[in-house]
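Asks: Let me begin by handing over the structure; questions about it come next.
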There are 2 protein chains.
Amino acid sequence: MDVERGRSDFCAAASASARAARAERQLVALDAREDAVRAFVCHDADAARRLATYTDMPLGGALIGVKDIITTEAFPTRYGLDDTNPAGRSHDAWCVARARQLGGVILGKTVCTAFAFPRPGPTTNPHDVHRSPGGSSSGSAAAVAAGFVSFAFGTQTAGSTIRPASYCGVVGFKPSFGLLPTEGIEPISPTLDHVGVFAVSPRDTWFLVSAMLLRQPEILAARRPRRVLIPWLPADLPQADGYPERYAALTPVLQAEGIEVDTVDLPVTSADFHSLQQEICYWEAARLLLTSPRMHLVPELVKLLTPYLDSGTTRYVAARRGRQALQTAFDDLAAGYDAVLLPAATGAAPFVTNTGDAVMNRVWTALHVPAITVPLWRSIEGLPLGLQLVGSLGTDRALVETAQWFHERRDAWP
Amino acid sequence: MDVERGRSDFCAAASASARAARAERQLVALDAREDAVRAFVCHDADAARRLATYTDMPLGGALIGVKDIITTEAFPTRYGLDDTNPAGRSHDAWCVARARQLGGVILGKTVCTAFAFPRPGPTTNPHDVHRSPGGSSSGSAAAVAAGFVSFAFGTQTAGSTIRPASYCGVVGFKPSFGLLPTEGIEPISPTLDHVGVFAVSPRDTWFLVSAMLLRQPEILAARRPRRVLIPWLPADLPQADGYPERYAALTPVLQAEGIEVDTVDLPVTSADFHSLQQEICYWEAARLLLTSPRMHLVPELVKLLTPYLDSGTTRYVAARRGRQALQTAFDDLAAGYDAVLLPAATGAAPFVTNTGDAVMNRVWTALHVPAITVPLWRSIEGLPLGLQLVGSLGTDRALVETAQWFHERRDAWP
């Protein structure tokens, strides 16, 4: 399946007719390709076609996919679980309610892995049907990549927005913790759960986020960075499919542009990359999910979490404190740069039997800092590889502006 | 109105008949006093009486009040707003669902101030009808104080659990941020919103919290502290109604018990007490509430928040970073003590025209650390004054054990 790389973004479609035409193209694409992509658990194209004609609001005519861990009025919520599980309709989660209030059209609920933990769902990668879209926001990333929607909501507790965006060749944005409320989203780990958004450009992600948070959506311009950090990464972080070469080639290209590139060490250690987020997540998730009145968990998840339920709090508290110290150290460092640049994943999309490795994402989620990925490169086999930009806490808007600059030069990177 | 001070706690009522008798006494008290106390927005005593007969579960027979900012299946949610506002039934919030699954009986929705900001509701203080119960969890504190329920859920974004508990002479407990998920609670400020619980003893609050988080509820024993911190407080923190004398008298009493008392300065400044939490809260709340599709806000709130919507993020980001640094500094200090002891409020319950001052609570909410109040003293006029115990992040269980020790010696404090 061929995926159009330079697809125009939503905020460029200023006129009502452009928006209506865009929605119609998306519904045609859905009709043609959804049988293969399987991005949606359920959707209503007819209702979306009707609603998309109201284009005079900030998000009027914007088709949106909603990860099936986020509640909506119009569709049931199954949390990626089997049909035997309880799944009622509910109120619109905050992000859904806000998007609809601004004219956004919820096309349907997108596939997520079982309870957002890594057991693959039915969704395939729009670039290669044998490849995984990543997870846990599998269907949200795939729906944007396949051109079915302009935006999709996902979540990120480990790497569930940035990783699938990278695998699917779209932009994924995880704002700073607290910027978008998780109201209406089943909690997994309260100090890690973030709302994430998918779109085809950085400025589109900000268009959506700013529309939700402010009275008017903002269309950001690209901002050329003055100074970036390309850190030395711990040697035990796996990197494959051509990532190391492409990542290394960033430095000379940026320097040739006159951009200052630093290559200092991060205060983040290999252990922080691998396990800081997990120590927090599994302890919190064990207490929430193993006692949840609302659903039956898959056996793998019960097995994974049970030791954390029975263990004491010492390791958890140590991890929470370690995070606090690291937040300050990282922010002190990152505040001196327009962005910290990192691979978004460990390689290209893996085969469909697994959803990939979140090791490049976990620690940034734990630290609550903004992260965005731009599909900058192709792997040896032609699959998307994302650049990840991470900023200090609260610099979301500036980070998106910087990401937009990388995005607009997306053909400049070897 | 006389409020029984030494009321037995729920976890002491081990037998089914004791639990059933307890629930019946509470419903009789409700019938006798609710017209004066006005703790509830709505309740269903008949349903509660029927459900309270199932006493073989961990929370069986426990009557519970739920702050009207937390959604339930059985009752509408009005967020403390006027009846003209939208108010539907919804799913049970996580804490409500979990409590019901364990046998807890939701008696009704308790009054909160309009959208949890300080405009007084109709509730009166059970100790004096002319006094405020505090806010914003006004009805939850009052319902426990009046003996209508064994437990109540509240929230704390500034001081909305600890302060009303202190005014009403009950125990209020705000666990570490993240311990109890806020799912199903309308967000005000995502990095500050906490679930809080009210009960008549510290060990009862932990009985409820541990029941929700673990497979079995725990009944904690009192734990005599070895070392406490009674810090020098910034001179501009208001303290009235006999608080300064009672607080000062703690030191010699504890020392006479052989407990080590330190009086070092906190790393928390006067500015941190007054404004750190507000800088974060108002910026976050402006973005959520002024754009909320679900409700009409009271004019005071619109006026308060609007400047924060239009201002830039510089002050907010500075406050978030200041918090990070202070979290580490405070935890490093507090980890050396069984508790940091502070007044829970600035004085006794004010008259009903206002809900009091949260200056003694805001910073602990911002720092995400556990805080609990025990009704240790009486004011010059005989109203309750609470001692506040604060711990380092994640030490919730130990802090409740220490609080239980103070509670069991509640007649020992001059």
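Here's how to read the names in the structure tokens: chain A, B, ... by the order shown, residue numbers from 1 in each chain, ligand numbers from 1 in the order shown.
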Where does region 283-361 of chain A meet region 367-386 of chain A within 7 Å, residue by residue, with the nearest atom pair and distance in Å to one decimal for each, counting only C-alpha atoms, listed by chain and rising number, as CSV?

Replies:
```
residue,atom,partner,partner_atom,distance
A:Arg323,CA,A:Leu367,CA,6.5
A:Gln327,CA,A:Leu367,CA,5.5
A:Pro343,CA,A:Gly386,CA,6.5
A:Ala344,CA,A:Gly386,CA,5.2
A:Gly347,CA,A:Leu385,CA,6.9
A:Ala348,CA,A:Leu385,CA,5.8
```

Asks: List as a tab-separated table every residue of chain A that is in contact with chain B, defined as an atom at most 8 Å from one of its atoms (using only C-alpha atoms), together with the nearest atom pair and the distance in Å rounded to one decimal, sorted by chain and then rising number.

Replies:
```
residue	atom	partner	partner_atom	distance
A:Ser90	CA	B:His91	CA	6.7
A:His91	CA	B:Ser90	CA	6.7
A:Ala97	CA	B:Pro293	CA	6.6
A:Arg98	CA	B:Pro293	CA	6.2
A:Gln101	CA	B:Pro293	CA	6.4
A:Phe177	CA	B:Thr191	CA	7.5
A:Gly178	CA	B:Pro190	CA	4.9
A:Leu179	CA	B:Glu284	CA	7.2
A:Leu180	CA	B:Pro190	CA	7.9
A:Pro181	CA	B:Pro190	CA	5.8
A:Thr182	CA	B:Glu183	CA	7.9
A:Glu183	CA	B:Glu183	CA	6.0
A:Gly184	CA	B:Gly184	CA	6.3
A:Ile185	CA	B:Glu183	CA	7.1
A:Glu186	CA	B:Glu183	CA	6.8
A:Pro187	CA	B:Glu183	CA	6.5
A:Ser189	CA	B:Gly178	CA	7.6
A:Pro190	CA	B:Gly178	CA	5.0
A:Thr191	CA	B:Gly178	CA	5.3
A:Met212	CA	B:Thr291	CA	7.5
A:Leu213	CA	B:Arg287	CA	5.0
A:Leu214	CA	B:Arg287	CA	6.3
A:Arg215	CA	B:Thr291	CA	7.0
A:Glu284	CA	B:Leu179	CA	7.3
A:Arg287	CA	B:Leu213	CA	5.0
A:Leu288	CA	B:Leu213	CA	6.6
A:Thr291	CA	B:Leu213	CA	6.9
A:Ser292	CA	B:Arg98	CA	7.0
A:Pro293	CA	B:Arg98	CA	6.1
A:Leu309	CA	B:Leu214	CA	7.3
A:Thr313	CA	B:Gly394	CA	7.7
A:Val317	CA	B:Gly394	CA	5.4
A:Arg320	CA	B:Leu393	CA	7.7
A:Arg321	CA	B:Thr328	CA	7.2
A:Gln324	CA	B:Thr328	CA	6.0
A:Ala325	CA	B:Thr328	CA	6.0
A:Gln327	CA	B:Gln324	CA	6.8
A:Thr328	CA	B:Ala325	CA	6.0
A:Asp331	CA	B:Arg321	CA	7.8
A:Leu393	CA	B:Val317	CA	7.0
A:Gly394	CA	B:Val317	CA	5.4
A:Thr395	CA	B:Val317	CA	7.8
```

Asks: Taking the chain letters and numbering used in this document, name the residues of region 233-326 of chain A that DSSP puts in strand (DSSP E or B), as a list in words.

Replies: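 Everything in region 233-326 of chain A that counts as strand (DSSP E or B) is Glu260, Val261, Asp262 and Asp265 of chain A.
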
Asks: Neighbours of Gly336 (chain A) within 9 Å (only C-alpha atoms; same-chain residues fewer than 3 positions away dropped), as a list in words?

Replies: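 My reading of the contact set: Arg227, Val228, Leu229, Asp331, Asp332, Leu333 and Ala339 of chain A.
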
Asks: With only C-alpha atoms as the atoms that count, which of B:Pro350, B:Gly159, B:Pro164, B:Gly139 lies nearest to Ile69 (chain B)?

Replies: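 Using only C-alpha atoms, the shortest distance to Ile69 (chain B) belongs to B:Gly139.
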
Asks: As an exercise, work out the distance from CA of Ile70 (chain B) to CA of Ser160 (chain B) in Å and give it to one decimal place.

Replies: 13.8 Å

Asks: Leaving out region 38-49 of chain B and any residue of its chain fewer than 2 positions from it, which residues lie within 8 Å of it when counting only C-alpha atoms, given as an MDAnalysis selection string?

Replies: chainID B and resid 23:24 27 34:36 51:53 63 68 75 105:111 122:124 138:140 142:143

Asks: How would the residues just picked look written out with C-alpha atoms as a PDB file, in the first residue's frame?

Replies:
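Contents of selection_17.pdb, as written:
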```
ATOM      1  CA  ALA B  23     -25.680   2.411  59.467  1.00  0.00           C
ATOM      2  CA  GLU B  24     -29.067   2.644  61.120  1.00  0.00           C
ATOM      3  CA  LEU B  27     -29.660   7.274  58.975  1.00  0.00           C
ATOM      4  CA  GLU B  34     -29.872  17.128  57.775  1.00  0.00           C
ATOM      5  CA  ASP B  35     -32.353  20.010  57.602  1.00  0.00           C
ATOM      6  CA  ALA B  36     -29.881  22.074  59.627  1.00  0.00           C
ATOM      7  CA  LEU B  51     -28.116  -1.888  50.628  1.00  0.00           C
ATOM      8  CA  ALA B  52     -26.498  -1.519  54.043  1.00  0.00           C
ATOM      9  CA  THR B  53     -27.826  -4.924  55.071  1.00  0.00           C
ATOM     10  CA  LEU B  63     -22.416   4.583  54.284  1.00  0.00           C
ATOM     11  CA  ASP B  68     -20.824  16.427  43.946  1.00  0.00           C
ATOM     12  CA  PHE B  75     -27.235  10.380  41.278  1.00  0.00           C
ATOM     13  CA  VAL B 105     -23.153   2.174  50.061  1.00  0.00           C
ATOM     14  CA  ILE B 106     -23.360   5.580  48.408  1.00  0.00           C
ATOM     15  CA  LEU B 107     -25.847   7.520  50.516  1.00  0.00           C
ATOM     16  CA  GLY B 108     -25.816  10.561  48.269  1.00  0.00           C
ATOM     17  CA  LYS B 109     -23.967  13.478  46.746  1.00  0.00           C
ATOM     18  CA  THR B 110     -22.509  16.011  49.146  1.00  0.00           C
ATOM     19  CA  VAL B 111     -22.452  19.755  48.631  1.00  0.00           C
ATOM     20  CA  PRO B 122     -25.788  25.856  51.803  1.00  0.00           C
ATOM     21  CA  THR B 123     -23.974  23.468  54.174  1.00  0.00           C
ATOM     22  CA  THR B 124     -23.442  24.538  57.779  1.00  0.00           C
ATOM     23  CA  SER B 138     -18.095  21.174  52.406  1.00  0.00           C
ATOM     24  CA  GLY B 139     -20.778  18.503  52.559  1.00  0.00           C
ATOM     25  CA  SER B 140     -18.335  15.599  52.736  1.00  0.00           C
ATOM     26  CA  ALA B 142     -19.973  17.957  57.414  1.00  0.00           C
ATOM     27  CA  ALA B 143     -21.622  14.595  56.666  1.00  0.00           C
TER      28      ALA B 143
END
```

Asks: At what distance in Å, to one decimal, does CA of Glu408 (chain B) lie from CA of Glu260 (chain B)?

Replies: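 Pair CA of Glu260 (chain B) / CA of Glu408 (chain B) returns 19.3 Å.
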
Asks: Between A:Thr353, A:Asn125, A:Gln388, A:Thr157, single out the one closest to Tyr243 (chain A), counting only C-alpha atoms.

Replies: A:Gln388

Asks: Nearest residue to Ser201 (chain A) out of A:Ser176, A:Ser311, A:Ser150, A:Gln156, using only C-alpha atoms?

Replies: A:Ser150

Asks: My list of candidates is A:Leu266, A:Leu276, A:Val363, A:Leu297. Which is closest to Val340 (chain A) when distances are computed with only C-alpha atoms?

Replies: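 When distances to Val340 (chain A) are compared using only C-alpha atoms, the smallest one comes from A:Leu266.
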
Asks: Taking into account only C-alpha atoms, which residue in the set B:Phe151, B:Arg163, B:Ser270, B:Leu342 is nearest to Ser132 (chain B)?

Replies: B:Arg163

Asks: Leaving out region 4-21 of chain B and any residue of its chain fewer than 2 positions from it, which residues lie within 9 Å of it when counting only C-alpha atoms, given as a ChimeraX atom specification?

Replies: /B:2,23-26,49,52-56,60-62,145-147,150-151,169-170,199-201,203-204,207,219

Asks: Write the residues you've just listed into a file as an mmCIF file, in the first residue's frame, and include N, CA and C atoms for each of them.

Replies:
```
data_model
loop_
_atom_site.group_PDB
_atom_site.id
_atom_site.type_symbol
_atom_site.label_atom_id
_atom_site.label_comp_id
_atom_site.auth_asym_id
_atom_site.auth_seq_id
_atom_site.Cartn_x
_atom_site.Cartn_y
_atom_site.Cartn_z
ATOM 1 N N ASP B 2 -24.541 19.422 69.351
ATOM 2 C CA ASP B 2 -23.407 18.736 69.975
ATOM 3 C C ASP B 2 -22.917 17.624 69.053
ATOM 4 N N ALA B 23 -25.008 1.780 60.604
ATOM 5 C CA ALA B 23 -25.680 2.411 59.467
ATOM 6 C C ALA B 23 -27.047 2.956 59.881
ATOM 7 N N GLU B 24 -27.743 2.204 60.688
ATOM 8 C CA GLU B 24 -29.067 2.644 61.120
ATOM 9 C C GLU B 24 -28.962 3.919 61.969
ATOM 10 N N ARG B 25 -27.989 3.944 62.880
ATOM 11 C CA ARG B 25 -27.783 5.164 63.685
ATOM 12 C C ARG B 25 -27.499 6.368 62.781
ATOM 13 N N GLN B 26 -26.720 6.135 61.743
ATOM 14 C CA GLN B 26 -26.374 7.243 60.847
ATOM 15 C C GLN B 26 -27.606 7.761 60.107
ATOM 16 N N ARG B 49 -30.554 2.222 53.218
ATOM 17 C CA ARG B 49 -30.962 1.303 54.292
ATOM 18 C C ARG B 49 -31.048 -0.134 53.775
ATOM 19 N N ALA B 52 -27.399 -1.409 52.891
ATOM 20 C CA ALA B 52 -26.498 -1.519 54.043
ATOM 21 C C ALA B 52 -26.665 -2.836 54.790
ATOM 22 N N THR B 53 -27.658 -3.627 54.408
ATOM 23 C CA THR B 53 -27.826 -4.924 55.071
ATOM 24 C C THR B 53 -26.848 -5.966 54.539
ATOM 25 N N TYR B 54 -26.185 -5.686 53.413
ATOM 26 C CA TYR B 54 -25.192 -6.630 52.879
ATOM 27 C C TYR B 54 -23.835 -6.296 53.480
ATOM 28 N N THR B 55 -23.517 -6.961 54.571
ATOM 29 C CA THR B 55 -22.365 -6.540 55.359
ATOM 30 C C THR B 55 -21.180 -7.489 55.270
ATOM 31 N N ASP B 56 -21.223 -8.444 54.358
ATOM 32 C CA ASP B 56 -20.147 -9.444 54.328
ATOM 33 C C ASP B 56 -19.002 -9.081 53.403
ATOM 34 N N GLY B 60 -18.834 -3.506 53.444
ATOM 35 C CA GLY B 60 -20.267 -3.777 53.606
ATOM 36 C C GLY B 60 -20.852 -2.979 54.753
ATOM 37 N N GLY B 61 -21.964 -2.357 54.500
ATOM 38 C CA GLY B 61 -22.624 -1.571 55.534
ATOM 39 C C GLY B 61 -22.073 -0.177 55.735
ATOM 40 N N ALA B 62 -21.021 0.167 54.994
ATOM 41 C CA ALA B 62 -20.412 1.488 55.164
ATOM 42 C C ALA B 62 -21.175 2.517 54.342
ATOM 43 N N ALA B 145 -18.817 14.627 60.039
ATOM 44 C CA ALA B 145 -18.862 15.268 61.355
ATOM 45 C C ALA B 145 -20.226 15.113 62.021
ATOM 46 N N ALA B 146 -21.276 15.164 61.223
ATOM 47 C CA ALA B 146 -22.631 15.060 61.777
ATOM 48 C C ALA B 146 -23.040 13.621 62.030
ATOM 49 N N GLY B 147 -22.170 12.678 61.675
ATOM 50 C CA GLY B 147 -22.488 11.283 61.925
ATOM 51 C C GLY B 147 -23.465 10.691 60.926
ATOM 52 N N SER B 150 -19.985 7.006 57.410
ATOM 53 C CA SER B 150 -18.689 6.608 57.966
ATOM 54 C C SER B 150 -17.540 7.187 57.174
ATOM 55 N N PHE B 151 -17.768 7.384 55.877
ATOM 56 C CA PHE B 151 -16.718 7.864 54.982
ATOM 57 C C PHE B 151 -17.309 8.883 54.024
ATOM 58 N N GLY B 169 -13.863 19.117 62.535
ATOM 59 C CA GLY B 169 -13.445 18.211 63.599
ATOM 60 C C GLY B 169 -13.434 16.751 63.200
ATOM 61 N N VAL B 170 -13.110 16.470 61.939
ATOM 62 C CA VAL B 170 -12.971 15.079 61.495
ATOM 63 C C VAL B 170 -11.574 14.884 60.899
ATOM 64 N N ALA B 199 -13.059 10.666 57.373
ATOM 65 C CA ALA B 199 -13.530 9.621 58.285
ATOM 66 C C ALA B 199 -13.354 10.151 59.704
ATOM 67 N N VAL B 200 -13.675 9.305 60.703
ATOM 68 C CA VAL B 200 -13.537 9.787 62.083
ATOM 69 C C VAL B 200 -12.222 9.370 62.727
ATOM 70 N N SER B 201 -11.411 8.570 62.025
ATOM 71 C CA SER B 201 -10.092 8.239 62.568
ATOM 72 C C SER B 201 -9.112 8.095 61.415
ATOM 73 N N ARG B 203 -7.000 5.665 61.015
ATOM 74 C CA ARG B 203 -6.978 4.288 60.519
ATOM 75 C C ARG B 203 -8.196 3.981 59.652
ATOM 76 N N ASP B 204 -9.312 4.667 59.871
ATOM 77 C CA ASP B 204 -10.463 4.485 58.982
ATOM 78 C C ASP B 204 -10.157 5.010 57.568
ATOM 79 N N PHE B 207 -8.157 2.392 56.039
ATOM 80 C CA PHE B 207 -9.003 1.219 55.790
ATOM 81 C C PHE B 207 -9.686 1.371 54.431
ATOM 82 N N ILE B 219 -6.105 -2.664 58.722
ATOM 83 C CA ILE B 219 -6.389 -1.901 59.941
ATOM 84 C C ILE B 219 -5.051 -1.588 60.588
#
```

Asks: Quick one: pick out all helix (DSSP H, G or I) residues within region 65-301 of chain B from a backbone DSSP run and write them as a PyMOL selection string.

Replies: chain B and resi 94-101+114-116+138-145+162-168+202-213+243-256+270-289+299-301
